[in-house]
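The file upload08.txt contains compact mmCIF, C-alpha atoms:
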```txt
# COMPACT_ATOMS: atom_id res chain seq x y z
CA MET Z 1 59.62 140.24 64.40
CA ALA Z 2 58.37 141.59 67.72
CA ASN Z 3 58.41 138.04 69.11
CA LEU Z 4 62.09 137.67 68.14
CA ILE Z 5 63.00 140.94 69.85
CA GLN Z 6 61.14 139.85 73.00
CA GLU Z 7 63.02 136.53 73.04
CA LEU Z 8 66.37 138.29 72.56
CA ALA Z 9 65.55 140.73 75.35
CA ARG Z 10 64.52 137.88 77.65
CA ALA Z 11 67.73 135.96 76.86
CA MET Z 12 69.80 139.07 77.51
CA HIS Z 13 67.98 139.65 80.79
CA GLU Z 14 68.60 136.05 81.92
CA MET Z 15 72.26 136.37 80.97
CA LEU Z 16 72.62 139.54 83.04
CA ILE Z 17 70.88 137.88 86.00
CA GLY Z 18 73.27 134.91 85.72
CA PHE Z 19 76.24 137.26 85.60
CA ALA Z 20 74.90 139.19 88.60
CA ARG Z 21 74.66 135.91 90.55
CA PHE Z 22 78.16 134.79 89.47
CA LEU Z 23 80.01 138.07 90.13
CA PRO Z 24 79.81 137.99 93.97
CA ARG Z 25 81.06 134.38 94.03
CA PHE Z 26 83.91 135.32 91.68
CA LEU Z 27 84.89 138.26 93.89
CA GLU Z 28 84.71 135.97 96.92
CA MET Z 29 87.01 133.51 95.15
CA LEU Z 30 89.50 136.29 94.34
CA ILE Z 31 89.48 137.45 97.97
CA ILE Z 32 90.08 133.88 99.20
CA VAL Z 33 92.95 133.38 96.75
CA VAL Z 34 94.62 136.70 97.63
CA ILE Z 35 94.25 136.16 101.38
CA GLY Z 36 95.51 132.61 100.86
CA TRP Z 37 98.58 133.93 99.06
CA ILE Z 38 99.28 136.31 101.94
CA ILE Z 39 98.85 133.54 104.52
CA ALA Z 40 101.04 131.17 102.47
CA PHE Z 41 103.73 133.86 102.16
CA VAL Z 42 103.67 134.50 105.92
CA LEU Z 43 103.87 130.75 106.60
CA LYS Z 44 106.82 130.47 104.22
CA SER Z 45 108.64 133.35 105.89
CA LEU Z 46 107.98 132.07 109.40
CA LEU Z 47 109.07 128.54 108.53
CA ARG Z 48 112.21 129.81 106.78
CA SER Z 49 113.12 131.86 109.88
CA LEU Z 50 112.38 128.96 112.20
CA LEU Z 51 114.50 126.59 110.11
CA ARG Z 52 117.40 129.06 110.09
CA ILE Z 53 117.17 129.49 113.86
CA THR Z 54 117.21 125.72 114.37
CA ARG Z 55 120.05 125.36 111.83
CA PHE Z 56 118.13 122.90 109.71
CA ASP Z 57 120.61 123.33 106.85
CA LYS Z 58 123.44 122.07 109.06
CA LEU Z 59 121.36 119.03 110.01
CA SER Z 60 120.58 118.28 106.37
CA GLU Z 61 124.24 118.76 105.50
CA HIS Z 62 125.22 116.11 108.06
CA ALA Z 63 122.53 113.79 106.69
CA GLY Z 64 123.85 114.21 103.15
CA ALA Z 65 120.77 115.95 101.76
CA THR Z 66 122.58 119.19 100.96
CA GLN Z 67 125.00 117.48 98.62
CA LEU Z 68 122.09 115.70 96.95
CA LEU Z 69 120.21 118.97 96.49
CA ARG Z 70 123.30 120.72 95.11
CA GLY Z 71 123.80 117.87 92.66
CA ALA Z 72 120.23 118.35 91.44
CA ALA Z 73 120.74 122.16 91.25
CA LEU Z 74 118.07 122.75 93.91
CA PRO Z 75 118.06 125.38 96.68
CA SER Z 76 118.95 124.62 100.29
CA SER Z 77 116.83 122.25 102.37
CA SER Z 78 115.24 125.03 104.42
CA GLU Z 79 114.41 127.04 101.29
CA LEU Z 80 112.98 123.97 99.57
CA LEU Z 81 110.84 123.06 102.59
CA SER Z 82 109.56 126.61 103.03
CA ARG Z 83 108.66 126.84 99.32
CA PHE Z 84 106.89 123.50 99.58
CA VAL Z 85 104.78 124.76 102.50
CA PHE Z 86 103.99 127.96 100.56
CA TRP Z 87 102.74 126.07 97.50
CA ILE Z 88 100.74 123.52 99.50
CA ALA Z 89 99.03 126.30 101.49
CA TRP Z 90 98.33 128.44 98.44
CA LEU Z 91 97.12 125.49 96.39
CA GLY Z 92 94.70 124.66 99.21
CA PHE Z 93 93.31 128.19 99.16
CA ILE Z 94 93.04 128.13 95.36
CA LEU Z 95 91.04 124.92 95.54
CA VAL Z 96 88.78 126.36 98.23
CA GLY Z 97 88.29 129.40 96.00
CA ILE Z 98 87.36 127.19 93.06
CA ASN Z 99 84.81 125.39 95.22
CA THR Z 100 83.40 128.79 96.25
CA LEU Z 101 82.45 129.48 92.64
CA GLY Z 102 79.87 126.74 92.91
CA ILE Z 103 80.45 125.45 89.39
CA VAL Z 104 79.65 121.74 89.55
CA GLY Z 105 82.14 120.66 86.86
CA LEU Z 106 85.05 122.50 88.49
CA SER Z 107 84.23 121.15 91.94
CA ARG Z 108 84.30 117.60 90.64
CA THR Z 109 87.47 118.15 88.62
CA PHE Z 110 89.43 119.71 91.49
CA PRO Z 111 88.36 118.03 94.73
CA VAL Z 112 89.93 119.89 97.64
CA SER Z 113 90.60 116.85 99.78
CA TRP Z 114 93.05 114.74 97.74
CA VAL Z 115 95.47 117.10 95.96
CA PRO Z 116 97.55 118.38 98.90
CA THR Z 117 97.68 114.97 100.58
CA ARG Z 118 98.80 113.12 97.46
CA LEU Z 119 101.22 115.85 96.47
CA PHE Z 120 102.74 115.89 99.95
CA ALA Z 121 103.05 112.10 99.97
CA ALA Z 122 104.67 112.05 96.52
CA LEU Z 123 107.21 114.72 97.43
CA PHE Z 124 107.91 113.00 100.75
CA ILE Z 125 108.60 109.70 99.00
CA LEU Z 126 110.73 111.40 96.36
CA PHE Z 127 112.85 113.32 98.88
CA PHE Z 128 113.49 110.39 101.18
CA GLY Z 129 114.01 108.05 98.23
CA LEU Z 130 116.73 110.32 96.87
CA LEU Z 131 118.22 110.62 100.34
CA ALA Z 132 118.27 106.82 100.71
CA ALA Z 133 119.83 106.45 97.26
CA SER Z 134 122.57 108.89 98.24
CA PHE Z 135 123.18 107.00 101.48
CA PHE Z 136 123.37 103.61 99.79
CA SER Z 137 125.61 104.98 97.07
CA ARG Z 138 128.04 106.26 99.69
CA ALA Z 139 127.86 103.02 101.66
CA VAL Z 140 128.66 100.98 98.54
CA LEU Z 141 131.54 103.31 97.70
CA LEU Z 142 133.03 103.00 101.19
CA ARG Z 143 132.55 99.24 101.22
CA GLY Z 144 134.13 98.95 97.76
CA VAL Z 145 137.13 101.06 98.75
CA ASN Z 146 137.61 99.11 102.00
CA ALA Z 147 137.31 95.76 100.18
CA ASP Z 148 139.77 96.94 97.51
CA VAL Z 149 137.26 96.34 94.72
CA PRO Z 150 138.37 97.64 91.33
CA SER Z 151 136.42 100.75 90.23
CA PRO Z 152 134.26 101.26 93.34
CA ARG Z 153 132.94 104.57 91.97
CA ILE Z 154 131.31 102.81 89.01
CA ILE Z 155 129.54 100.39 91.35
CA SER Z 156 128.53 103.33 93.57
CA TRP Z 157 127.08 105.19 90.57
CA ALA Z 158 125.20 102.06 89.53
CA VAL Z 159 123.47 101.95 92.91
CA ARG Z 160 122.30 105.54 92.61
CA PRO Z 161 119.36 105.99 90.21
```
Show this structure as structure tokens.
Amino acid sequence: MANLIQELARAMHEMLIGFARFLPRFLEMLIIVVIGWIIAFVLKSLLRSLLRITRFDKLSEHAGATQLLRGAALPSSSELLSRFVFWIAWLGFILVGINTLGIVGLSRTFPVSWVPTRLFAALFILFFGLLAASFFSRAVLLRGVNADVPSPRIISWAVRP
């Protein structure tokens, strides 16, 4: 019986030592994530202000992106871009925080290097693909109207995915 109590006490002691080693890394992760959120928020605000000063929404309206975004019930181009920068920055800090924990399984599951790059590339392709689809849809509509094709709107809608 005394041997069992000694083993339980030793296991409890090892568990407390493990927790004592993990707690500083967890607090460090929380600090990184909170500071990352603040930095991401400041970046979002600065970019939003810069895009308003440069009248980015007017440029995207002339390019046809604003109509596309309204059709998809999305916010303005400058708001969308500033939110994108916020989430990419904060996600990067979250991943750095996860790596700070030093848990091998989490570090392998969430590698810091590939997520923001692939996410950025996917959103870039999606945005410009939708913009190109809108452009080609308009071009087909104008060509159909000028060529006096019956039902040019149907052909224009068929071009747009």
Taking every listed atom of stretch 26-44 of chain Z and adding 4 Å to each side, what centre and edge lengths in Å (one decimal) does the axis-aligned box have, as lines of an AutoDock Vina configuration file?
```
center_x = 95.4
center_y = 134.4
center_z = 99.1
size_x = 30.9
size_y = 15.8
size_z = 22.9
```
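Here atom CA of Z:Val159 is placed at a distance of 5.6 Å from atom CA of Z:Ser137.
In terms of minimum interatomic distance to Z:Phe22, Z:Ile103 ranks closest within Z:Val145, Z:Ile103, Z:Leu95, Z:Leu46, counting all atoms listed in the file.
You will find atom CA of Z:Arg55 at 20.8 Å from atom CA of Z:Phe41.
If only C-alpha atoms are the atoms counted, then among Z:Ile125, Z:Lys44, Z:Asn99, Z:Ser156 the closest residue to Z:Glu28 is Z:Asn99.
Proximity ranking of Z:Leu8, Z:Ala122, Z:Ala158, Z:Leu51 relative to Z:Arg138 places Z:Ala158 first, based on all atoms listed in the file.
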- Taking all atoms listed in the file into account, which of Z:Leu91, Z:Leu4, Z:Ile17, Z:Leu81 comes nearest Z:Gly36? Z:Leu91
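Taking atom CA of Z:Gly102 and atom CA of Z:Phe26 as the two end points, the separation is 9.6 Å.
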Hey, what's within 12 Å of Z:Leu142 if we count only C-alpha atoms and toss same-chain stuff fewer than 3 positions away? As a compact mmCIF listing (two decimals) with C-alpha atoms, in the frame of the given file, please?
```txt
# COMPACT_ATOMS: atom_id res chain seq x y z
CA PHE Z 135 123.18 107.00 101.48
CA PHE Z 136 123.37 103.61 99.79
CA SER Z 137 125.61 104.98 97.07
CA ARG Z 138 128.04 106.26 99.69
CA ALA Z 139 127.86 103.02 101.66
CA VAL Z 145 137.13 101.06 98.75
CA ASN Z 146 137.61 99.11 102.00
CA ALA Z 147 137.31 95.76 100.18
CA ASP Z 148 139.77 96.94 97.51
CA VAL Z 149 137.26 96.34 94.72
CA SER Z 151 136.42 100.75 90.23
CA PRO Z 152 134.26 101.26 93.34
CA ARG Z 153 132.94 104.57 91.97
CA ILE Z 155 129.54 100.39 91.35
CA SER Z 156 128.53 103.33 93.57
```
- Do you know which residues are at most 12 Å from Z:Trp87 counting all atoms listed in the file, after dropping those on the same chain fewer than 5 positions away, and could you put them as a list in words? Gly36, Trp37, Ile38, Ile39, Ala40, Phe41, Val42, Leu43, Lys44, Leu80, Leu81, Ser82, Gly92, Phe93, Ile94, Leu95, Val115, Pro116, Leu119 and Phe120 of chain Z
Keeping all heavy atoms (and nothing else), can you write stretch 45-56 of chain Z of this structure as a PDB file, in the first residue's frame?
```pdb
ATOM      1  N   SER Z  45      -6.239  48.861 -40.063  1.00  0.00           N
ATOM      2  CA  SER Z  45      -6.667  50.260 -40.013  1.00  0.00           C
ATOM      3  C   SER Z  45      -5.805  51.146 -40.910  1.00  0.00           C
ATOM      4  O   SER Z  45      -6.333  52.012 -41.622  1.00  0.00           O
ATOM      5  CB  SER Z  45      -6.613  50.775 -38.575  1.00  0.00           C
ATOM      6  OG  SER Z  45      -7.465  50.019 -37.759  1.00  0.00           O
ATOM      7  N   LEU Z  46      -4.502  50.938 -40.866  1.00  0.00           N
ATOM      8  CA  LEU Z  46      -3.610  51.729 -41.721  1.00  0.00           C
ATOM      9  C   LEU Z  46      -3.878  51.475 -43.200  1.00  0.00           C
ATOM     10  O   LEU Z  46      -3.929  52.416 -44.001  1.00  0.00           O
ATOM     11  CB  LEU Z  46      -2.150  51.416 -41.398  1.00  0.00           C
ATOM     12  CG  LEU Z  46      -1.604  51.965 -40.093  1.00  0.00           C
ATOM     13  CD1 LEU Z  46      -0.195  51.446 -39.848  1.00  0.00           C
ATOM     14  CD2 LEU Z  46      -1.619  53.474 -40.098  1.00  0.00           C
ATOM     15  N   LEU Z  47      -4.044  50.211 -43.563  1.00  0.00           N
ATOM     16  CA  LEU Z  47      -4.301  49.886 -44.964  1.00  0.00           C
ATOM     17  C   LEU Z  47      -5.641  50.442 -45.416  1.00  0.00           C
ATOM     18  O   LEU Z  47      -5.754  50.977 -46.519  1.00  0.00           O
ATOM     19  CB  LEU Z  47      -4.259  48.377 -45.183  1.00  0.00           C
ATOM     20  CG  LEU Z  47      -4.437  47.927 -46.628  1.00  0.00           C
ATOM     21  CD1 LEU Z  47      -3.306  48.451 -47.498  1.00  0.00           C
ATOM     22  CD2 LEU Z  47      -4.507  46.422 -46.704  1.00  0.00           C
ATOM     23  N   ARG Z  48      -6.654  50.341 -44.562  1.00  0.00           N
ATOM     24  CA  ARG Z  48      -7.971  50.887 -44.908  1.00  0.00           C
ATOM     25  C   ARG Z  48      -7.878  52.398 -45.140  1.00  0.00           C
ATOM     26  O   ARG Z  48      -8.433  52.914 -46.102  1.00  0.00           O
ATOM     27  CB  ARG Z  48      -8.971  50.585 -43.800  1.00  0.00           C
ATOM     28  CG  ARG Z  48     -10.382  51.002 -44.163  1.00  0.00           C
ATOM     29  CD  ARG Z  48     -11.354  50.813 -43.025  1.00  0.00           C
ATOM     30  NE  ARG Z  48     -11.431  49.416 -42.632  1.00  0.00           N
ATOM     31  CZ  ARG Z  48     -11.747  49.014 -41.421  1.00  0.00           C
ATOM     32  NH1 ARG Z  48     -12.004  49.881 -40.466  1.00  0.00           N
ATOM     33  NH2 ARG Z  48     -11.828  47.733 -41.141  1.00  0.00           N
ATOM     34  N   SER Z  49      -7.144  53.102 -44.277  1.00  0.00           N
ATOM     35  CA  SER Z  49      -6.973  54.551 -44.446  1.00  0.00           C
ATOM     36  C   SER Z  49      -6.202  54.866 -45.719  1.00  0.00           C
ATOM     37  O   SER Z  49      -6.560  55.781 -46.464  1.00  0.00           O
ATOM     38  CB  SER Z  49      -6.245  55.132 -43.238  1.00  0.00           C
ATOM     39  OG  SER Z  49      -6.988  54.935 -42.070  1.00  0.00           O
ATOM     40  N   LEU Z  50      -5.144  54.116 -45.963  1.00  0.00           N
ATOM     41  CA  LEU Z  50      -4.344  54.333 -47.159  1.00  0.00           C
ATOM     42  C   LEU Z  50      -5.162  54.078 -48.427  1.00  0.00           C
ATOM     43  O   LEU Z  50      -5.071  54.845 -49.398  1.00  0.00           O
ATOM     44  CB  LEU Z  50      -3.111  53.426 -47.140  1.00  0.00           C
ATOM     45  CG  LEU Z  50      -2.144  53.547 -48.312  1.00  0.00           C
ATOM     46  CD1 LEU Z  50      -1.485  54.918 -48.303  1.00  0.00           C
ATOM     47  CD2 LEU Z  50      -1.108  52.455 -48.257  1.00  0.00           C
ATOM     48  N   LEU Z  51      -5.971  53.044 -48.423  1.00  0.00           N
ATOM     49  CA  LEU Z  51      -6.796  52.739 -49.589  1.00  0.00           C
ATOM     50  C   LEU Z  51      -7.887  53.791 -49.802  1.00  0.00           C
ATOM     51  O   LEU Z  51      -8.257  54.091 -50.939  1.00  0.00           O
ATOM     52  CB  LEU Z  51      -7.416  51.344 -49.469  1.00  0.00           C
ATOM     53  CG  LEU Z  51      -6.432  50.183 -49.566  1.00  0.00           C
ATOM     54  CD1 LEU Z  51      -7.138  48.865 -49.287  1.00  0.00           C
ATOM     55  CD2 LEU Z  51      -5.751  50.159 -50.916  1.00  0.00           C
ATOM     56  N   ARG Z  52      -8.404  54.358 -48.729  1.00  0.00           N
ATOM     57  CA  ARG Z  52      -9.390  55.441 -48.874  1.00  0.00           C
ATOM     58  C   ARG Z  52      -8.741  56.699 -49.400  1.00  0.00           C
ATOM     59  O   ARG Z  52      -9.333  57.414 -50.215  1.00  0.00           O
ATOM     60  CB  ARG Z  52     -10.078  55.715 -47.541  1.00  0.00           C
ATOM     61  CG  ARG Z  52     -11.101  54.673 -47.204  1.00  0.00           C
ATOM     62  CD  ARG Z  52     -11.911  55.034 -45.991  1.00  0.00           C
ATOM     63  NE  ARG Z  52     -12.833  53.958 -45.685  1.00  0.00           N
ATOM     64  CZ  ARG Z  52     -13.187  53.603 -44.483  1.00  0.00           C
ATOM     65  NH1 ARG Z  52     -12.723  54.255 -43.434  1.00  0.00           N
ATOM     66  NH2 ARG Z  52     -14.027  52.601 -44.291  1.00  0.00           N
ATOM     67  N   ILE Z  53      -7.529  56.988 -48.936  1.00  0.00           N
ATOM     68  CA  ILE Z  53      -6.817  58.178 -49.414  1.00  0.00           C
ATOM     69  C   ILE Z  53      -6.514  58.046 -50.902  1.00  0.00           C
ATOM     70  O   ILE Z  53      -6.649  59.010 -51.665  1.00  0.00           O
ATOM     71  CB  ILE Z  53      -5.517  58.396 -48.611  1.00  0.00           C
ATOM     72  CG1 ILE Z  53      -5.867  58.843 -47.190  1.00  0.00           C
ATOM     73  CG2 ILE Z  53      -4.610  59.414 -49.273  1.00  0.00           C
ATOM     74  CD1 ILE Z  53      -4.683  58.857 -46.237  1.00  0.00           C
ATOM     75  N   THR Z  54      -6.114  56.862 -51.333  1.00  0.00           N
ATOM     76  CA  THR Z  54      -5.774  56.648 -52.745  1.00  0.00           C
ATOM     77  C   THR Z  54      -7.003  56.357 -53.607  1.00  0.00           C
ATOM     78  O   THR Z  54      -6.859  56.129 -54.804  1.00  0.00           O
ATOM     79  CB  THR Z  54      -4.776  55.486 -52.887  1.00  0.00           C
ATOM     80  OG1 THR Z  54      -5.361  54.301 -52.348  1.00  0.00           O
ATOM     81  CG2 THR Z  54      -3.466  55.804 -52.201  1.00  0.00           C
ATOM     82  N   ARG Z  55      -8.169  56.358 -53.003  1.00  0.00           N
ATOM     83  CA  ARG Z  55      -9.440  56.116 -53.696  1.00  0.00           C
ATOM     84  C   ARG Z  55      -9.429  54.782 -54.449  1.00  0.00           C
ATOM     85  O   ARG Z  55      -9.758  54.695 -55.626  1.00  0.00           O
ATOM     86  CB  ARG Z  55      -9.764  57.276 -54.622  1.00  0.00           C
ATOM     87  CG  ARG Z  55      -9.949  58.555 -53.854  1.00  0.00           C
ATOM     88  CD  ARG Z  55     -10.359  59.673 -54.721  1.00  0.00           C
ATOM     89  NE  ARG Z  55     -10.506  60.860 -53.864  1.00  0.00           N
ATOM     90  CZ  ARG Z  55     -10.671  62.051 -54.333  1.00  0.00           C
ATOM     91  NH1 ARG Z  55     -10.727  62.252 -55.627  1.00  0.00           N
ATOM     92  NH2 ARG Z  55     -10.798  63.050 -53.516  1.00  0.00           N
ATOM     93  N   PHE Z  56      -9.050  53.772 -53.729  1.00  0.00           N
ATOM     94  CA  PHE Z  56      -8.975  52.428 -54.290  1.00  0.00           C
ATOM     95  C   PHE Z  56     -10.350  51.922 -54.713  1.00  0.00           C
ATOM     96  O   PHE Z  56     -10.469  51.194 -55.693  1.00  0.00           O
ATOM     97  CB  PHE Z  56      -8.343  51.479 -53.256  1.00  0.00           C
ATOM     98  CG  PHE Z  56      -8.159  50.078 -53.749  1.00  0.00           C
ATOM     99  CD1 PHE Z  56      -7.184  49.777 -54.676  1.00  0.00           C
ATOM    100  CD2 PHE Z  56      -8.972  49.054 -53.283  1.00  0.00           C
ATOM    101  CE1 PHE Z  56      -7.004  48.482 -55.130  1.00  0.00           C
ATOM    102  CE2 PHE Z  56      -8.807  47.761 -53.731  1.00  0.00           C
ATOM    103  CZ  PHE Z  56      -7.814  47.474 -54.653  1.00  0.00           C
TER     104      PHE Z  56
END
```
